[in-house]
Amino acid sequence: MSAAPQKAGHEVSSQLWSNKRVWASVLVFSCIVNILMLTGSIFMMQVYDRVLTSGSVPTLIALSAIVVVLYLYYGFLEAVRARLLLRIGRNFEETLRNRVFDAVSMLALRRTPAAGGQPVQDMTTIRQFLAGQGPLAFLDMPWVIIYLGVVFGLHPWLGIAGVAAAMLIFIFALLTERTTRRPVAEATTAAIAAAAMNEESRRNTEAMHALGMKEVLRARWAREQQVALDASTLASDRGGIFGTSSRVLRLLVQSGMLALGAYLALQHEITPGTIIASSIIMSRGLAPIEQAVGNWQQFLGFRKAVARLNAVLAAVPPVKDPMPLPAPKGLLEVENLTVMVQGNEKPLLQGLNFKVPPGTGLGVIGPTGAGKSTLSRVLVGVVEPARGSVRLDGATLDQRSEEDRGRHVGYLPQDVQLFDGTVAQNISRFSREPDAKAVVDAAQLANVHNMIMRLPQGYDTKLGEQGARLSAGQRQRLALARALYGNPALIVMDEPNSNLDAEGEAALDAAIRASLQRGAALVIVAHRPSALQAVHDVLVLAEGKQAAYGKREDVLRQVTRPRTVASADGPQRVSATPALVVPEPQG
């Protein structure tokens with residue numbers, strides 16, 4: 001991913017104002033539109049003060065023709081500035097959506113809490129506000145002063161009345177913001193929490209139903225939803241009260257201006273045309289304030305979305321793609337590897353050193369919690385080391401772009417993750433230009449080709465979300481084919497036989513041996529020794545440290561040696577398994 005550098009914490013704000021020419025055009029059009037909005041009031045003055053007094057029909061026709069032209073021009077400019085704002089919102093999303101997608105995926109990789117899909121929703125909120133009526137209200141706001149100045153020019157008392165009305169409506173706007181700020185924030189926080197709970201329940205729906213947890217989890221979700229609903233209702237009620245009050249006030253002002261104008265006309269201080277003109281001008285002058293009050297909730301949501309999205313993108317800064325490197329041969333070198341997790345002082349992995357040459361395999365064993373899965377994630381670049389390095393043909397993993405590194409790495413995670421797409425798309429990793437032969441070759445190597453051919457549409461069968469149409473063993477073998485696609489130089493497998501039957505384990509062993517024969521480097525994390533038959537070396541982890549490392553036969557003999565335990569009948573000799581018993585770290 002490559003992107004131009006932005007000031008930290010202001011990437012969204014910078015993008016909002018990046019279309020300066022378009023914003024300038026919108027501003028110019030807004031000026032012309034507001035000037036043209038005086039057409040109606042000026043026309044009314046001319047009709048009452050000139051046409052009716054002179055009885056000139058040609059003057060009325062000429063004035064009417066001018067008004068038609070000006071209103072048509074007004075309509076054209078109004079449509080143009082609305083389309084420009086729509087394009088600004090569209091350009092904003094098109095420019096930032098890749099960054100937002102990358103940030104969301106990276107935060108998920110980091111296990112960042114409460115992130116979820118909120119950044120995507122924030123991006124949509126910003127685009128919808130930009131394309132709506134909110135920006136027009138704020139662009140028209142400066143013209144309130146100009147309209148008030150025009151009314152002052154008609155008569156000082158009319159101007160004073162207009163200023164008083166504008167101040168009252170502005171006070172309503174401030175009260176709306178102050179009274180809705182807290183409930184809007186509470187509603188947003190609760191809505192995010194409820195969405196996260198809903199997604200978590202959806203992902204773990206089998207356990208939820210099987211263990212009778214649905215009612216409890218539903219109650220938790222409902223509580224957060226209720227908090228969000230109550231806060232949102234409170235904010236809407238308060239905003240609605242002030243919004244309605246401002247509209248009522250504007251109607252009262254309009255009628256009051258007519259009454260005041262009539263009084264001044266009776267005093268012969270203004271003409272009858274001025275009465276109508278002042279009422280129309282004040283109605284137009286107060287409209288942006290009323291519109292701003294009506295769109296205040298959307299504006300608050302927009303402002304908070306900008307702040308949240310700025311924070312998210314600042315937490316995941318853009319990375320410039322490194323210079324392309326030659327395809328690796330498969331030499332994996334791990335040097336003094338240490339992995340930390342935020343908020344935990346104890347390292348997950350500490351001081352690991354090993355090497356896997358091309359054409360050889362390394363087995364990783366150890367008790368639960370020893371850091372085996374963490375190691376596999378580090379080796380494929382989804383977890384960054386705190387110290388030390390992981391090198392592929394001498395280059396650290398970050399010296400290659402994600403896309404380039406992914407082409408040369410095969411990864412079979414412990415938790416198999418398939419995507420909503422066809423079998424062929426999943427095996428080819430959704431390649432833009434998939435190689436059909438390579439897809440079939442990978443499936444045959446994983447001994448899953450015959451199973452695929454028995455599916456309704458073969459390789460074109462849609463799997464559904466998370467490969468819901470397949471069994472656990474089928475998903476694992478399909479994920480194995482995906483890991484083998486394209487003959488990667490490095491293949492990392494985390495518990496590759498956890499869901500396999502005897503046939504599947506035989507296919508896995510054959511795939512491992514074939515990959516080693518063609519020169520790939522393999523790292524296999526396993527609890528069951530049957531997956532390690534073809535590897536050359538074994539690494540034993542204990543509490544994140546390197547407990548033993550060497551040739552497979554030597555290490556397995558060392559960790560499975562009989563040991564003596566005390567019992568009521570005296571000392572007894574029992575055997576151990578590599579997954580449960582490891583020696584103390586050497587040295």
# chains A, B, ... in the order shown; residues from 1 in each chain; ligands from 1
$ select_by_dssp --residues "segment 314-401 of chain A" --states "strand (DSSP E)" --output "PyMOL selection string"
chain A and resi 332-341+344-356+361-365+387-392+395-396
$ write_last_selection --atoms "C-alpha atoms" --output "mmCIF file, in the first residue's frame"
data_model
loop_
_atom_site.group_PDB
_atom_site.id
_atom_site.type_symbol
_atom_site.label_atom_id
_atom_site.label_comp_id
_atom_site.auth_asym_id
_atom_site.auth_seq_id
_atom_site.Cartn_x
_atom_site.Cartn_y
_atom_site.Cartn_z
ATOM 1 C CA LEU A 332 14.165 -18.675 6.612
ATOM 2 C CA GLU A 333 16.331 -17.173 9.379
ATOM 3 C CA VAL A 334 15.051 -16.150 12.811
ATOM 4 C CA GLU A 335 17.452 -14.076 14.886
ATOM 5 C CA ASN A 336 16.924 -13.212 18.568
ATOM 6 C CA LEU A 337 13.151 -13.007 18.044
ATOM 7 C CA THR A 338 11.139 -11.352 20.824
ATOM 8 C CA VAL A 339 7.424 -10.628 20.619
ATOM 9 C CA MET A 340 5.525 -8.432 23.054
ATOM 10 C CA VAL A 341 1.820 -7.700 23.406
ATOM 11 C CA ASN A 344 1.631 -7.222 28.975
ATOM 12 C CA GLU A 345 5.138 -6.950 30.367
ATOM 13 C CA LYS A 346 5.932 -10.628 29.817
ATOM 14 C CA PRO A 347 7.038 -11.430 26.246
ATOM 15 C CA LEU A 348 5.016 -13.957 24.279
ATOM 16 C CA LEU A 349 8.240 -15.106 22.623
ATOM 17 C CA GLN A 350 11.764 -14.354 23.771
ATOM 18 C CA GLY A 351 15.198 -14.905 22.243
ATOM 19 C CA LEU A 352 14.375 -17.440 19.524
ATOM 20 C CA ASN A 353 17.107 -18.360 17.055
ATOM 21 C CA PHE A 354 16.800 -20.935 14.283
ATOM 22 C CA LYS A 355 17.214 -21.446 10.560
ATOM 23 C CA VAL A 356 15.195 -23.380 7.965
ATOM 24 C CA GLY A 361 11.224 -28.612 7.433
ATOM 25 C CA LEU A 362 11.031 -27.477 11.043
ATOM 26 C CA GLY A 363 8.527 -28.889 13.507
ATOM 27 C CA VAL A 364 7.438 -26.691 16.430
ATOM 28 C CA ILE A 365 6.043 -28.387 19.531
ATOM 29 C CA ARG A 387 13.134 -7.160 18.858
ATOM 30 C CA GLY A 388 15.108 -9.390 16.552
ATOM 31 C CA SER A 389 14.156 -10.253 13.002
ATOM 32 C CA VAL A 390 12.599 -12.784 10.658
ATOM 33 C CA ARG A 391 14.424 -12.957 7.329
ATOM 34 C CA LEU A 392 13.473 -14.614 4.076
ATOM 35 C CA ALA A 395 15.541 -9.688 3.700
ATOM 36 C CA THR A 396 13.289 -8.907 6.655
#
$ residues_around --residues "segment 503-514 of chain A" --least-positions-apart "4" --cutoff "7 Å" --atoms "only C-alpha atoms" --output "ChimeraX atom specification"
/A:445-447,497,518,531,534
$ write_last_selection --atoms "N, CA, C and O atoms" --output "PDB file, in the first residue's frame"
ATOM      1  N   LEU A 445      -2.432 -31.628  -5.095  1.00  0.00           N
ATOM      2  CA  LEU A 445      -1.355 -31.811  -4.124  1.00  0.00           C
ATOM      3  C   LEU A 445      -1.924 -31.970  -2.712  1.00  0.00           C
ATOM      4  O   LEU A 445      -1.408 -32.749  -1.904  1.00  0.00           O
ATOM      5  N   ALA A 446      -3.005 -31.270  -2.428  1.00  0.00           N
ATOM      6  CA  ALA A 446      -3.658 -31.396  -1.122  1.00  0.00           C
ATOM      7  C   ALA A 446      -4.646 -32.551  -1.094  1.00  0.00           C
ATOM      8  O   ALA A 446      -5.333 -32.755  -0.077  1.00  0.00           O
ATOM      9  N   ASN A 447      -4.731 -33.295  -2.200  1.00  0.00           N
ATOM     10  CA  ASN A 447      -5.630 -34.450  -2.325  1.00  0.00           C
ATOM     11  C   ASN A 447      -7.080 -34.056  -2.045  1.00  0.00           C
ATOM     12  O   ASN A 447      -7.826 -34.763  -1.376  1.00  0.00           O
ATOM     13  N   ASN A 497      -3.221 -30.830  10.954  1.00  0.00           N
ATOM     14  CA  ASN A 497      -3.954 -32.104  10.973  1.00  0.00           C
ATOM     15  C   ASN A 497      -4.991 -32.174  12.080  1.00  0.00           C
ATOM     16  O   ASN A 497      -5.460 -33.251  12.442  1.00  0.00           O
ATOM     17  N   ARG A 518      10.476 -30.060  -3.829  1.00  0.00           N
ATOM     18  CA  ARG A 518      10.663 -28.992  -4.821  1.00  0.00           C
ATOM     19  C   ARG A 518      11.475 -27.827  -4.258  1.00  0.00           C
ATOM     20  O   ARG A 518      11.753 -26.861  -4.960  1.00  0.00           O
ATOM     21  N   ALA A 531       2.312 -35.313  12.138  1.00  0.00           N
ATOM     22  CA  ALA A 531       2.529 -34.260  11.145  1.00  0.00           C
ATOM     23  C   ALA A 531       4.005 -33.932  10.977  1.00  0.00           C
ATOM     24  O   ALA A 531       4.367 -33.150  10.094  1.00  0.00           O
ATOM     25  N   ALA A 534       8.063 -35.823   8.194  1.00  0.00           N
ATOM     26  CA  ALA A 534       8.942 -35.445   7.086  1.00  0.00           C
ATOM     27  C   ALA A 534       9.901 -34.312   7.430  1.00  0.00           C
ATOM     28  O   ALA A 534      10.758 -33.963   6.613  1.00  0.00           O
TER      29      ALA A 534
END
$ residues_around --residues "Ile35 of chain A" --least-positions-apart "2" --cutoff "10 Å" --atoms "only C-alpha atoms" --output "JSON list (two decimals) with N, CA and C atoms, in the first residue's frame"
[["chain", "number", "residue", "atom", "x", "y", "z"],
["A", 29, "PHE", "N", -20.70, 29.84, -6.31],
["A", 29, "PHE", "CA", -22.09, 29.58, -6.69],
["A", 29, "PHE", "C", -23.03, 29.94, -5.55],
["A", 30, "SER", "N", -22.60, 29.68, -4.29],
["A", 30, "SER", "CA", -23.44, 30.04, -3.15],
["A", 30, "SER", "C", -23.65, 31.55, -3.07],
["A", 31, "CYS", "N", -22.61, 32.31, -3.38],
["A", 31, "CYS", "CA", -22.74, 33.77, -3.38],
["A", 31, "CYS", "C", -23.76, 34.22, -4.43],
["A", 32, "ILE", "N", -23.65, 33.67, -5.62],
["A", 32, "ILE", "CA", -24.56, 34.06, -6.70],
["A", 32, "ILE", "C", -25.98, 33.62, -6.37],
["A", 33, "VAL", "N", -26.14, 32.41, -5.82],
["A", 33, "VAL", "CA", -27.46, 31.91, -5.47],
["A", 33, "VAL", "C", -28.12, 32.81, -4.43],
["A", 37, "MET", "N", -31.49, 35.12, -4.69],
["A", 37, "MET", "CA", -32.62, 34.95, -3.80],
["A", 37, "MET", "C", -33.30, 36.27, -3.45],
["A", 38, "LEU", "N", -32.63, 37.38, -3.74],
["A", 38, "LEU", "CA", -33.24, 38.70, -3.56],
["A", 38, "LEU", "C", -34.21, 39.03, -4.68],
["A", 39, "THR", "N", -34.26, 38.20, -5.70],
["A", 39, "THR", "CA", -35.10, 38.47, -6.87],
["A", 39, "THR", "C", -36.57, 38.64, -6.48],
["A", 74, "TYR", "N", -31.02, 30.71, -11.16],
["A", 74, "TYR", "CA", -30.89, 30.29, -9.76],
["A", 74, "TYR", "C", -31.03, 28.77, -9.64],
["A", 143, "TRP", "N", -24.39, 34.92, 4.72],
["A", 143, "TRP", "CA", -25.33, 35.81, 4.04],
["A", 143, "TRP", "C", -26.42, 36.29, 4.97],
["A", 146, "ILE", "N", -25.59, 39.82, 5.54],
["A", 146, "ILE", "CA", -25.87, 40.65, 4.36],
["A", 146, "ILE", "C", -27.37, 40.92, 4.24],
["A", 147, "TYR", "N", -28.18, 39.89, 4.44],
["A", 147, "TYR", "CA", -29.63, 40.08, 4.37],
["A", 147, "TYR", "C", -30.11, 41.05, 5.46]]
$ select_by_dssp --residues "segment 360-554 of chain A" --states "helix (DSSP H, G or I)" --output "number ranges by chain"
A: 372-379, 397-399, 402-407, 423-427, 436-445, 449-453, 458-460, 465-467, 472-484, 502-517, 529-532, 552-554
$ closest_atom_pairs --of "segment 218-325 of chain A" --to "segment 14-19 of chain A" --cutoff "12 Å" --atoms "only C-alpha atoms" --output "Markdown table"
| residue | atom | partner | partner_atom | distance |
| --- | --- | --- | --- | --- |
| A:Phe302 | CA | A:Leu16 | CA | 11.8 |
| A:Arg303 | CA | A:Leu16 | CA | 11.9 |
| A:Val306 | CA | A:Leu16 | CA | 9.5 |
| A:Leu309 | CA | A:Gln15 | CA | 11.7 |
| A:Asn310 | CA | A:Ser14 | CA | 9.8 |
$ write_last_selection --atoms "C-alpha atoms" --output "CSV table (one decimal), in the first residue's frame"
chain,number,residue,atom,x,y,z
A,302,PHE,CA,-20.2,14.2,11.0
A,303,ARG,CA,-17.8,15.9,13.4
A,306,VAL,CA,-14.2,12.9,11.3
A,309,LEU,CA,-11.6,8.3,11.5
A,310,ASN,CA,-8.7,10.7,12.0
$ residues_around --residues "Val12 of chain A" --least-positions-apart "4" --cutoff "12 Å" --atoms "only C-alpha atoms" --output "PyMOL selection string"
chain A and resi 6-8+16-18+92-93+95-97+99-100+119+122-123+126-127+302-314
$ residues_around --residues "Gln46 of chain A" --least-positions-apart "4" --cutoff "9 Å" --atoms "only C-alpha atoms" --output "list of chain:residue names"
A:Ser41, A:Ile42, A:Arg50, A:Val51, A:Leu52, A:Leu60, A:Leu63, A:Gly273
$ write_last_selection --atoms "N, CA, C and O atoms" --output "short mmCIF file (atom, residue, chain, number, x, y, z; two decimals), in the first residue's frame"
data_model
loop_
_atom_site.label_atom_id
_atom_site.label_comp_id
_atom_site.auth_asym_id
_atom_site.auth_seq_id
_atom_site.Cartn_x
_atom_site.Cartn_y
_atom_site.Cartn_z
N SER A 41 -38.03 39.41 -3.58
CA SER A 41 -38.35 40.60 -2.80
C SER A 41 -38.27 41.87 -3.64
O SER A 41 -39.13 42.76 -3.53
N ILE A 42 -37.26 41.96 -4.49
CA ILE A 42 -37.14 43.14 -5.36
C ILE A 42 -38.31 43.18 -6.34
O ILE A 42 -38.89 44.26 -6.62
N ARG A 50 -44.31 50.28 -8.33
CA ARG A 50 -44.23 50.83 -9.68
C ARG A 50 -45.42 50.39 -10.54
O ARG A 50 -46.13 51.21 -11.10
N VAL A 51 -45.60 49.08 -10.66
CA VAL A 51 -46.62 48.57 -11.58
C VAL A 51 -48.02 48.99 -11.14
O VAL A 51 -48.82 49.51 -11.94
N LEU A 52 -48.34 48.77 -9.84
CA LEU A 52 -49.68 49.09 -9.37
C LEU A 52 -49.96 50.59 -9.37
O LEU A 52 -51.08 51.02 -9.62
N LEU A 60 -44.87 45.33 -16.15
CA LEU A 60 -45.11 44.06 -15.46
C LEU A 60 -44.58 42.89 -16.27
O LEU A 60 -43.96 41.96 -15.72
N LEU A 63 -40.73 42.94 -16.16
CA LEU A 63 -40.24 42.48 -14.86
C LEU A 63 -40.44 40.97 -14.70
O LEU A 63 -39.58 40.26 -14.17
N GLY A 273 -44.70 48.14 -0.87
CA GLY A 273 -43.81 47.12 -1.43
C GLY A 273 -42.71 46.73 -0.48
O GLY A 273 -42.26 45.56 -0.46
#
$ closest_residue --among "A:Thr53, A:Gln128, A:Ser105, A:Asn450" --to "Leu86 of chain A" --atoms "only C-alpha atoms"
A:Gln128
$ closest_residue --among "A:Gln254, A:Val409, A:Leu500, A:Leu300" --to "Thr188 of chain A" --atoms "only C-alpha atoms"
A:Leu300
$ closest_residue --among "A:Val383, A:Leu418, A:Ala472, A:Leu412" --to "Ile491 of chain A" --atoms "only C-alpha atoms"
A:Leu412
$ closest_residue --among "A:Met323, A:Val57, A:Val69, A:Ala262" --to "Gln399 of chain A" --atoms "only C-alpha atoms"
A:Met323
$ residues_around --residues "Gly381 of chain A" --least-positions-apart "3" --cutoff "8 Å" --atoms "only C-alpha atoms" --output "short mmCIF file (atom, residue, chain, number, x, y, z; two decimals) with all heavy atoms, in the first residue's frame"
data_model
loop_
_atom_site.label_atom_id
_atom_site.label_comp_id
_atom_site.auth_asym_id
_atom_site.auth_seq_id
_atom_site.Cartn_x
_atom_site.Cartn_y
_atom_site.Cartn_z
N ARG A 377 2.41 -16.87 13.31
CA ARG A 377 1.90 -15.58 12.81
C ARG A 377 3.04 -14.61 12.57
O ARG A 377 2.97 -13.79 11.65
CB ARG A 377 0.90 -15.01 13.80
CG ARG A 377 -0.34 -15.89 13.97
CD ARG A 377 -1.25 -15.39 15.07
NE ARG A 377 -1.83 -14.11 14.72
CZ ARG A 377 -2.03 -13.11 15.56
NH1 ARG A 377 -1.62 -13.23 16.83
NH2 ARG A 377 -2.59 -11.99 15.17
N VAL A 378 4.09 -14.70 13.39
CA VAL A 378 5.25 -13.83 13.17
C VAL A 378 5.97 -14.21 11.88
O VAL A 378 6.41 -13.34 11.11
CB VAL A 378 6.22 -13.90 14.36
CG1 VAL A 378 7.50 -13.09 14.07
CG2 VAL A 378 5.56 -13.38 15.62
N GLU A 384 4.29 -8.26 14.24
CA GLU A 384 5.62 -7.66 14.15
C GLU A 384 6.43 -7.96 15.41
O GLU A 384 5.91 -7.87 16.52
CB GLU A 384 5.51 -6.15 13.96
CG GLU A 384 4.83 -5.75 12.66
CD GLU A 384 4.75 -4.24 12.51
OE1 GLU A 384 5.22 -3.54 13.43
OE2 GLU A 384 4.21 -3.78 11.50
N LEU A 397 10.92 -9.33 6.60
CA LEU A 397 9.61 -9.44 5.96
C LEU A 397 9.06 -8.08 5.55
O LEU A 397 8.34 -7.96 4.55
CB LEU A 397 8.63 -10.14 6.90
CG LEU A 397 8.99 -11.59 7.27
CD1 LEU A 397 7.90 -12.18 8.17
CD2 LEU A 397 9.17 -12.45 6.01
N ASP A 398 9.37 -7.02 6.32
CA ASP A 398 8.83 -5.70 5.97
C ASP A 398 9.56 -5.06 4.79
O ASP A 398 9.19 -3.97 4.36
CB ASP A 398 8.87 -4.76 7.19
CG ASP A 398 10.27 -4.59 7.75
OD1 ASP A 398 11.24 -5.12 7.16
OD2 ASP A 398 10.41 -3.92 8.78
#
$ residues_around --residues "segment 131-140 of chain A" --least-positions-apart "6" --cutoff "7 Å" --atoms "only C-alpha atoms" --output "MDAnalysis selection string"
chainID A and resid 27 30 85:86 89 288 291:292 295 299
$ atom_distance --atom1 "atom CA of Thr360 of chain A" --atom2 "atom CA of Val380 of chain A"
17.1 Å
$ closest_residue --among "A:Val80, A:Leu217, A:Ala191, A:Val144" --to "Phe170 of chain A" --atoms "only C-alpha atoms"
A:Val144
